[in-house]
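Visitor: Here's a structure for you.
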Amino acid sequence: MTTPCLGTIRHLLEAQATRTPQAAAILARERSILSYSALVDQVEQTAKSLNGIGIGRKDPVAVVLPNGPEMALAFVSIASVATCAPLNPAYQTDEFDFYLSDMDAKALIVQAGMNSPAIAVARKHSIPIVELLPDEQGSAGMFSLVGPKASPANDSGFAQAQDAALILHTSGTTSRPKKVALTHSQLLCSADAIATGLQLTPADRCLNVMPLFHVHGLIGAVLASLAAGSSVVCTQAFDASTFFAYLREFHPTWYTAVPAIHQAVLAIANKRPRAVSLRFIRSCSASLPSGLMRELEEVFGIPVIEAYGMTEAGHQIASNPLPPRGRKAGSVGLPTGTEITVMNGQGRILPPGEKGEIVIRGSSVISGYASALADNTKFMEGWFRTGDQGYLDEDGYVFITGRLKEIVNRGGEKISLREVDEALLEHPQVAQAAAFALPHPSLGEDIAAAVITRDNNQITAQLLREYLHLRLADFKIPTRIWFVDQIPRTATGKIRRDQLANNIIQENNKPACAGNRVEAMVAEIYAEVLRVQDVGSRDNFFALGGDSLRATQVLSRVRAAFEINLPIATIFTKPTVAELAQEIASAESSS
């Protein structure tokens with residue numbers, strides 16, 4: 001391999017092809033194996049094709065292709081010549097309009113016969129359209145390019161180390177997406193750190209189930225594998241029903257994915273024979289719940305390595321080491337080629353154990369966003385502010401406690417949504433969970449949660465709150481819990497908490513009249529204490545504006561009306577009219 005962080009993707013591939021020309025590089029179903037020698041041939045052919053239609057060094061080329069070996073090969077080939085800018089094929093017209101304009105695309109590459117809104121957008125902006133024709137008879141991923149005739153590129157030839165190899169955009173779930181331009185040098189640094197940390201050798205084989213328009217699949221699976229001289233199996237898209245068939249057919253030694261994919265694999269794992277070829281599983285791009293990690297290790301009998309990464313650092317920042325080196329529960333591991341520290345709001349570096357914002361710097365980290373109007377305040381004196389809250393322990397292990405923008409201020413109490421997620425996921429009947437913030441008339445913000453149960457289990461919100469009461473402070477317990485069939489996520493598995501607040505509440509927050517004498521009396525007490533009207537059986541004390549002080553007033557009136565004493569915790573675990581009424585009825589019958 002080339003010296004880490006030096007050279008280009010092409011240099012890396014050529015070095016591997018010189019060392020082991022016939023070694024497997026890319027594999028796919030119903031295709032012959034693509035060797036490193038053939039991979040380099042494809043890179044050279046792509047260079048001629050792009051240069052011939054006027055595309056050269058530093059020219060951004062938008063790529064809209066389905067997942068698979070062609071997309072993997074297109075990435076390394078296009079990046080070796082110009083700047084590859086992969087886009088999610090599922091984007092709609094307005095999204096393509098934004099991304100093609102923001103990157104100032106010089107060409108759009110689509111698969112021949114593909115019907116994508118990107119084509120009409122490219123025509124509107126007079127962006128040349130280039131068709132990729134897969135070579136169905138050739139090795140995995142081989143293709144040819146057909147584009148409009150144009151003058152040869154002014155800056156032809158191959159890219160250099162400091163040229164941008166890849167353009168990606170941040171997710172933009174809460175703000176305008178920001179363009180991230182990553183150089184060859186930065187990508188090689190990140191890929192080498194992954195390959196080194198995972199002790200990859202030419203004998204290893206990665207099963208890629210991640211989308212190849214995202215940095216996780218592109219760098220964490222494809223480029224890290226190529227950096228080690230190993231191979232990668234490219235699936236068309238993740239499908240849990242075919243996952244174990246891929247394991248049996250290709251005998252991969254590892255795979256990398258987001259927690260949502262791991263969860264889907266586990267859902268059918270007990271129905272399939274255990275895969276003995278895997279030596280470890282990698283997880284990145286979203287927080288891995290500790291319960292999910294334990295279950296993966298129990299089912300597969302191999303270590304699960306959680307890593308920490310982000311687009312602005314070319315993917316990986318930190319990772320847990322492989323055994324026999326120690327892994328720490330709840331930690332994303334040790335820095336991997338990137339310097340990590342923790343700062344307070346004034347930019348002071350904090351000692352081990354103190355929480356603050358995680359900041360990073362290093363050879364794989366960008367120095368600023370490439371978008372013209374991007375806010376670069378996240379870059380401070382050489383450091384990049386990640387937006388993650390966490391701490392380092394005495395041994396340098398990184399612990400993430402949540403996103404700063406996902407820290408909810410509930411009446412002055414700071415609550416990490418991630419902490420609530422973790423507590424819910426520890427319940428044996430909870431398969432997936434996501435806490436989210438709701439506006440509150442007196443507390444400012446309140447906590448709610450969406451839950452997916454295992455095997456359609458009929459656990460109630462009341463029982464879940466009682467379970468959480470043993471694990472969380474009262475003010476951290478969600479006042480409303482909804483049972484749902486699906487939790488909205490990004491294409492790479494991150495929870496869309498913003499959509500939860502907008503969608504789930506609208507569908508489920510329908511009032512119901514009080515159903516019996518006790519409910520009617522509780523509803524009247526809520527209305528009096530909180531000074532609201534039309535209180536129904538499903539109305540939640542805290543959602544109506546209640547707080548700890550008013551909770552004591554409610555229980556005082558319950559004691560006077562029903563001659564029973566209930567502990568203050570009751571209203572936190574049973575905050576709806578119906579739940580509190582049921583508790584009162586039970587107390588009356590047993591007295």
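Identifiers in the structure tokens: chain A, B, ... in order shown; residue index from 1 per chain; ligand index from 1 in order shown.
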Enumerate the residues of region 252-387 of chain A with a DSSP assignment of helix (DSSP H, G or I), computed from the backbone, and present them as a PyMOL selection string.
Guide: chain A and resi 259-269+290-300+311-313
Visitor: If we count only C-alpha atoms, what is near Ser287 (chain A) at a cut-off of 9 Å, once residues fewer than 4 positions away on the same chain are taken out, given as a list in words?
Guide: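 In the requested form, the answer reads Val258, Pro259, Ser283, Glu306, Tyr308, Val332, Ile400, Gly402, Arg418 and Lys494 of chain A.
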Visitor: What's the separation between CA of Arg557 (chain A) and CA of Glu524 (chain A), in Å to one decimal place?
Guide: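 Going from CA of Arg557 (chain A) over to CA of Glu524 (chain A), I get 10.4 Å.
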Visitor: Can you pull out every residue within 8 Å of Pro117 (chain A), counting only C-alpha atoms, but drop anything in the same chain fewer than 6 positions away, and send it as a PyMOL selection string?
Guide: chain A and resi 92-93+96
Visitor: Emit the selected residues as a PDB file, in the first residue's frame, including C-alpha atoms.
Guide:
```pdb
ATOM      1  CA  GLN A  92     -37.185  14.028  -5.594  1.00  0.00           C
ATOM      2  CA  THR A  93     -37.024  16.868  -8.119  1.00  0.00           C
ATOM      3  CA  PHE A  96     -31.908  17.097  -7.074  1.00  0.00           C
TER       4      PHE A  96
END
```
Visitor: Just how far from CA of Ser331 (chain A) is CA of Tyr397 (chain A), in Å to one decimal?
Guide: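 Going from CA of Tyr397 (chain A) over to CA of Ser331 (chain A), I get 6.5 Å.
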